[in-house]
Every structure is written in C-alpha cells, then in structure tokens.
Amino acid sequence: MTRTRTPGISRRSTLALMGAGAMSVAAPWVARAQAKTIKIGMPTILSGRVAQLGTSSRNAVMLEVEKVNAAGGLAGRQIEMVIRDSKGQPQEAARVARELVNTDGCELLLDGEASSGSFAVHEVARDLGVLCIHTCSEASSLTADPKQHIPNAFRCVRQGIHDSIVGGSYAAAIAKTKGLKKWATCSPDYAYGRDTTGEFTLYLKRFAPDVEIISESWPKLFQPDYTEVVTKILQAKPQALYSCLWGGDLTSYIDQANIYAMFSQMEVFAVNMADYTALTVVKNLPKGIHSGNRYIKTFPTTPENAAWGDAYKAKYNEYPTNWSWQNATAVMFLAEAAKKANSVDGKKIAEALKGLTIKCPFGADGTVTMRGDDHTLVGYAIGWGTTIPQEPYVPEVKAGDWKTIFELEAEWKKSKGYT
Amino acid sequence: MTELEAGRAQGLAPLRGGSVLQRYRDVLIALVAFAVLASLPLLTGSKALLDFVIRCSAYGLFATSLNLLVGYTGLTSFGHGMFFGLGAYSFGLIMQKLGVPIPVAFVATLAITAVIAAVIGAICVRLKEIYFAFVTLAFQMLIHSTILSWASFTGGDQGLRGGISRPVFLGIDLANHVHLYIASCALLILGLLGMRQIAQSPFGYTLRMIRDNAARASFLGIDVWRAKLTVFVLAALFAAMGGMVMALFVSGAYPEFAYWTISGEGIFINMLGGVSTFLGPMVGTVLLLLLNDTVTRFTEYHGIVLGVVILFFALGLRKGLLDFVAEWFSQRRDAGEGR
C-alpha cells in the first residue's frame, strides 16, 4: 500500500521534542534557593560594542557589594548578585529581568541598561512591582515624564538635562570672555545626540545670546570615517565646536581630526571626553579640550573620590567609567535605605529611598540625594574642565551650580509639559 | 478521456480524500497542542516557562511566516523583520494613542501591515534571488531609520515608552500573566494552523512550483508575480502577529524589533530547524531560544557557543534539525519496505 502522508512521525516527534525541551528548561528552575542571602538581579550589556561599560558597571557593583557584605549585609542578609548579559537588546533585557525575578528569586533589581533597554526593564518593574534602580540610562524622560513614574523605580544616574545646563553655562562664560560667536556642532544622529545637542545650544544661547550656530553635522552612530565631517567643519571656520560623540566614536573622531590640526583652530567642547575609556584610548590627546566630567578621580577633589578610583584600579587594573560610579552609588543607596527601613522588603526600601541623602564620594558636597518627587539622583559632582595629554588628564574641573540646575530644570520640565 | 488523464484522475482521488483527512488531522493536532500548552500553567508554577512559551509564540510565528517565503516560495527575504517591527509598533501606537479595544488594534495592525507589505512586495517580488534579498533588506533599513528619526511619533531610539495599556475585552485581561500566556498560545496555534492551510492548499502547491521552476509555472498560466505578492503579504501578516505578541510581552516596541538582526535571527532559526518541513522553523525557534537562554545564564561569550552550533548544523548535519530527522525516518522506512 502506498502512503499518502509522509511527514506524520516527525510532527509527533517534534511535539515530544518540544515537551522534552520544556521539561529540561523547567527542571532546574523549580529549585529555588532558600538561603538567607538576598539576591539582587542585574541585567546589563556584557557583549557587543559597549560591553566595556557593562563590565565596568559589574566591577563597581561587586566592589561595593563586598563592602556591604563585610559590614553585615543588607539588613543582616548577605547580598548575592546575579548579573546577566542582555546584549543591549530591549527584548532580551526584559526577558532577563523577568527571569531574574521570576526564576532566580531576585528580590531587587539594578538595571544596568542604556537607552531603550532601560525603558523595557522599567516596564518589567511596573509589571512585577519589584524595586528597581536604574543605574545607566541618562535619558531625562525616564524619570522626568510623569507617565513613566512608578513607585518602585528609581534612577541613580546623571541626567542629560543637568549636563546640558551646566555645559551651556560653562561654555557661555568662555564664549563671552574669548568672544566665541560662531559655533558648529557635531553629534551622533540619534535621539541622545539630537536631544543633548539641542539642549546644550538652548542653554548656551540663553547665557550668551549673541552665539550663532553656523554648521551642524550629524554623523551616524558608530560611523568609522569622519573625514567628510571634519572637512565640512573646517570649511565653515567656526570659532568653537560642540560635540556629544562618545566612546569609540569620539576617539576615532579626535584621531582623524588631529590629522587636520582641527584642535588648534577652534575651541572644542566635547561633553563626553573626560571619561577614562576615551582619555586613555586617544592616540594624541589634544591639550585644552573642554569636557564635562564623566568619571574622573580628580573631581570632586576629595580624598574619598581619589581613594575609590585607586581601589577600583587596584582591583581591576583599569580606571572606572561613568557607569561605575553610578552603579556604586546605587549599592550605597540600597545599603543606607535598608538600614533606615531595617528591612530588605522592596516597598519599605522604596519608602526609605525617597528623598534619602547619603554620604558619597561622588557627591558635589560629599553627599548625594535621591529626590523624592521624581525618584532621581541629584547633588552629584558635575562640572567642566580642560584636558591635558597625560594624567590626571583633567587637572581642574569647574563645578556646576546645583541651584541654577534646579531652577532651569524646573523650567525645562514645565516647557515639556511634565509639570 | 485519454489514458493519461484517466490515470491521473485515479491517482488524484485518494490524494484528495487524504488531504481532507489531513486537514482535520491538522486541526486535531492543533487542538491537542493548544490543550497541552493551555494546561501548562496548571502543572507548573514556573513563570519563566510561561515567558519562554510566549517568546516562542512571537518568534515562532515570525520564523514560520518567513519559511512561507524561503522554504515554500524560494524567496529568501533578508528584510522580513520589518513586518515584525511594524506589527509591534502599529499595535503599540494604536493602543497608546487611540486607546481602542485590543481586538480592534489587532485587526487595524493587520490592515496596516497588509497595505505596507503590498506596496513593498509589489516592488520586491519582481526581483529574483540576491536582488530580492537586498531590496527587502533595504526596505527594512528604511523602516528602521524611519522609526529612529521620527522620534516625536515613535519615540526614536528609546522606543515606545510608558507601557502599552491592556483594557479587558471579552473577559480576557492581557495584563494578567496567565491570560497573556493563553492568548499567545492561541495566536501561535491559530497562526500555525492558518499557515499550514496556506501551505497545503492548491495555492501552497503553486508556490512550490514557482520555487522549483518559475518559468514553467508561468507557461502553465500562473500569474507568478501575483502569487509571489500574495504570499509576501500573507507572510507579513503572520510576522506582524508575532510582533504584536512581542509588544505585549515587553509592553512596548523598540527599534531593535525592526532591525536587520531580527531578520537574521529568522533566517538562523530556519537554518536550525529546517525549511522542508512545516514545523521546522518552530523547532528552530525552540532550539534557538533554549540555547540563548541557557547559554546566557552561564557566559557572556554566547556568540562563540552559537557560532559553534551554526557550524555544526551547516557543516555537520548540512540541514536543519527537523529536516535531518524527517530524512532519517524516511530512510529507515524505505529500508524497511525494501526488505
């Protein structure tokens, strides 16, 4: 007899395979650790183009967790970190975050995601109600937009809008003394680049009204060749240039612009320059580039900050990044809040975190605060300075004024319809 | 009636009867599969397992729809992910901006996808092989760039923020994890059943003929362009369904959903599972997600592990897993019958 239907067996076996697969996934997950330790989950980017930042976040967290554990743990329970790679993909970040809570039994989350990933983890926190501290996303809307606000999420990160206010006022002061009226901008072509540049020029013009932007360049993110951009800027002959390129893009840009001696022809303001990941990679770091502080152990100029940077370097044989101090601060906040609440319960910690001020090496005045009304970090060291080609790279940083920041931030929020 | 025609008619009769049986068998298998999946929450409290199945639904719909193009029609699309992203974004935006009931948003998303897929398809399916692949990839990047640059509407690179609201409809509350799980399973099973029907219909066999010899199909009076366009649009609809499941799972939509890497994953899933059996892509999906989830638990060097697995399938098996299994069974049976 002939068979009319051939692939029957394979379908059944497929279902069996699927079943077997499901069982094998479920089995190890059923057993949950019942230990007295408290697990803190952390999705972050450990592979791909920005892996270095994710790794530096993990390093900083482990450095601080060791200290907390040595001092008796979080309300008496030892911390166990479960840190996983999200590859920088939002759907993976959401999956990993859910898995950390649902399967690995993590009671708290540190969200080491940038940009879109942090919004994905934010939704997981909204859904699961787990306490979540964002430690890497600088997008202002994450906490400024009331639609995003949930009681169990906080942000322990510097913010785009703060940087723009401080950068704008610093640059305006120099523009006035040196008479820099013609400006050019060169920033990566995505939301961060466009928003940050827009806000910077807004505040620059506010403090120095006769400034004029005569040329704008928007190279693609991760663009390898900047020749076209560099020549365009040189032809426009501006007196000053603003850029929020970062990481590998910034270092390639500087290396390529050096060939055209760009840095001797204009004042350059590159907000993301003063970060060791950029400073130590540029082949010939030009003298006198103005930059915001990302992380630099010489600012704030306190022994605590220097000691922290050195301890990190001693342990990991490289300098910390901007993400490092933010993650370290998040662990410090958790430790203090748990002490204050005398509990590791997410809700109680969230209550304790609201408006909490802690001693911190990265604070402008030795302390940082988790602002109560929008759950975001304020009072951190923020300032601008100029580079020199060797350590300490940025010898003097002019600190930003938090009073001005608060005033203008409130105004900005109103203009965006957030308040 | 010539002898040849008579012979053909005789040959066809049992086949047609068989295909009816098979159609019911497909429905039966679908029902059983759905019952098994739907009873999972009763058997296990593991939310991760439910999450896993929800993701399998999203990627499974996407990968199987890609196989309608790759395996059945011979159209290797490198840009199929654009419809996954389009589905997620349309659904998310409609829910956020209009606040309509979920079924309305679902249907509207399918309508939007159909229109866009028809326009893109009309341009793409004229081309063959590598040119088709490149042009689909180009359209994908166009859509991805549009999402990135139209920040006021799409949220740019930060994606659709603020969560997707899920009003209760017909007693189904998609904010509830188990409800979302059951809904995803239902969509997966319905989607698979629909695609199975397409693949087994006369239209499905037309597609196979086009794949094997488009010139012959054309000489037999088939409008090749129209058939290709139809399947392109149909595949886009199922991919958009996958995108909607993903949007519901992450409660948002992100530009990564429309990036070429999603299309790449679809092709990879098809390679893993096999393109000559209907359920190959589904097996590939389970394999890839299982591999991804277990490997990322232990190491951040998952790229190496996945690379080795690809090499194993490409150089070792030389085909997808289910193709390999199916071939092995048929060889064994042939050997048994030959005895």
# chains A, B, ... in the order shown; residues from 1 in each chain; ligands from 1
>>> interface_residues(of="chain B", to="chain A", cutoff="7 Å", atoms="only C-alpha atoms", output="number ranges by chain")
B: 15, 18, 46-49, 148, 156-159, 161-163, 250-251, 254, 256, 283, 296-297, 300, 325-326
>>> write_last_selection(atoms="C-alpha atoms", output="compact mmCIF listing (two decimals), in the first residue's frame")
# COMPACT_ATOMS: atom_id res chain seq x y z
CA LEU B 15 -4.99 12.04 -2.57
CA GLY B 18 -6.35 12.08 2.09
CA SER B 46 7.19 28.47 36.68
CA LYS B 47 6.55 31.92 35.26
CA ALA B 48 9.78 31.63 33.34
CA LEU B 49 8.42 28.66 31.44
CA LEU B 148 14.66 56.20 14.60
CA GLY B 156 13.12 57.28 18.34
CA ASP B 157 15.83 55.00 19.65
CA GLN B 158 14.25 54.85 23.10
CA GLY B 159 11.23 53.08 21.71
CA ARG B 161 7.68 54.32 26.30
CA GLY B 162 5.08 54.35 29.00
CA GLY B 163 3.84 50.82 28.51
CA VAL B 250 7.72 43.61 26.71
CA SER B 251 4.87 46.15 26.97
CA TYR B 254 11.76 49.16 20.27
CA GLU B 256 15.64 46.73 17.54
CA VAL B 283 11.66 23.54 16.22
CA THR B 296 23.47 33.48 28.55
CA ARG B 297 22.86 32.16 32.06
CA GLU B 300 28.65 36.32 28.19
CA VAL B 325 15.10 13.80 11.50
CA ALA B 326 12.48 13.54 8.74
>>> atom_distance(atom1="atom CA of A:Ala75", atom2="atom CA of A:Asn152")
18.9 Å
>>> atom_distance(atom1="atom CA of B:Leu50", atom2="atom CA of B:His177")
8.3 Å
>>> residues_around(residues="A:Trp325", least_positions_apart="4", cutoff="8 Å", atoms="only C-alpha atoms", output="MDAnalysis selection string")
chainID A and resid 60 295 320:321 329 362
>>> atom_distance(atom1="atom CA of A:Ile165", atom2="atom CA of A:Gly366")
21.2 Å
>>> select_by_dssp(residues="stretch 188-255 of chain B", states="alpha helix (DSSP H)", output="ChimeraX atom specification")
/B:188-200,202-212,214-219,224-250
>>> write_last_selection(atoms="C-alpha atoms", output="compact mmCIF listing (two decimals), in the first residue's frame")
# COMPACT_ATOMS: atom_id res chain seq x y z
CA LEU B 188 0.52 30.80 17.85
CA ILE B 189 -1.68 27.77 17.21
CA LEU B 190 -4.14 29.72 15.05
CA GLY B 191 -1.29 31.30 13.13
CA LEU B 192 0.43 27.96 12.58
CA LEU B 193 -2.83 26.37 11.52
CA GLY B 194 -3.50 29.20 9.10
CA MET B 195 -0.05 28.94 7.59
CA ARG B 196 -0.40 25.16 7.38
CA GLN B 197 -3.62 25.63 5.44
CA ILE B 198 -1.88 28.03 3.09
CA ALA B 199 1.00 25.62 2.60
CA GLN B 200 -1.27 22.63 1.91
CA PRO B 202 -3.55 24.46 -4.11
CA PHE B 203 -2.07 27.91 -3.69
CA GLY B 204 0.65 26.40 -1.49
CA TYR B 205 1.48 23.89 -4.21
CA THR B 206 1.55 26.72 -6.75
CA LEU B 207 4.17 28.36 -4.56
CA ARG B 208 6.25 25.19 -4.54
CA MET B 209 6.03 25.07 -8.32
CA ILE B 210 7.19 28.66 -8.55
CA ARG B 211 10.07 27.82 -6.26
CA ASP B 212 11.09 24.84 -8.36
CA ALA B 214 9.00 29.79 -12.11
CA ALA B 215 9.21 29.76 -15.92
CA ARG B 216 7.22 26.55 -16.13
CA ALA B 217 4.60 27.90 -13.73
CA SER B 218 4.31 30.97 -15.87
CA PHE B 219 3.85 28.88 -19.03
CA VAL B 224 3.81 34.32 -10.83
CA TRP B 225 4.05 37.94 -9.76
CA ARG B 226 0.60 37.91 -8.20
CA ALA B 227 1.21 34.60 -6.40
CA LYS B 228 4.51 35.87 -5.01
CA LEU B 229 2.94 39.13 -3.93
CA THR B 230 0.08 37.30 -2.23
CA VAL B 231 2.38 35.09 -0.20
CA PHE B 232 4.61 38.08 0.61
CA VAL B 233 1.63 39.91 2.11
CA LEU B 234 0.35 36.81 3.91
CA ALA B 235 3.76 36.12 5.42
CA ALA B 236 3.96 39.76 6.52
CA LEU B 237 0.63 39.41 8.34
CA PHE B 238 1.82 36.43 10.37
CA ALA B 239 5.13 38.17 11.12
CA ALA B 240 3.15 41.18 12.37
CA MET B 241 1.19 38.83 14.63
CA GLY B 242 4.50 37.70 16.10
CA GLY B 243 5.48 41.34 16.56
CA MET B 244 2.26 42.05 18.43
CA VAL B 245 2.86 39.15 20.80
CA MET B 246 6.35 40.52 21.45
CA ALA B 247 4.99 44.04 22.00
CA LEU B 248 2.56 42.67 24.57
CA PHE B 249 5.32 40.67 26.25
CA VAL B 250 7.72 43.61 26.71
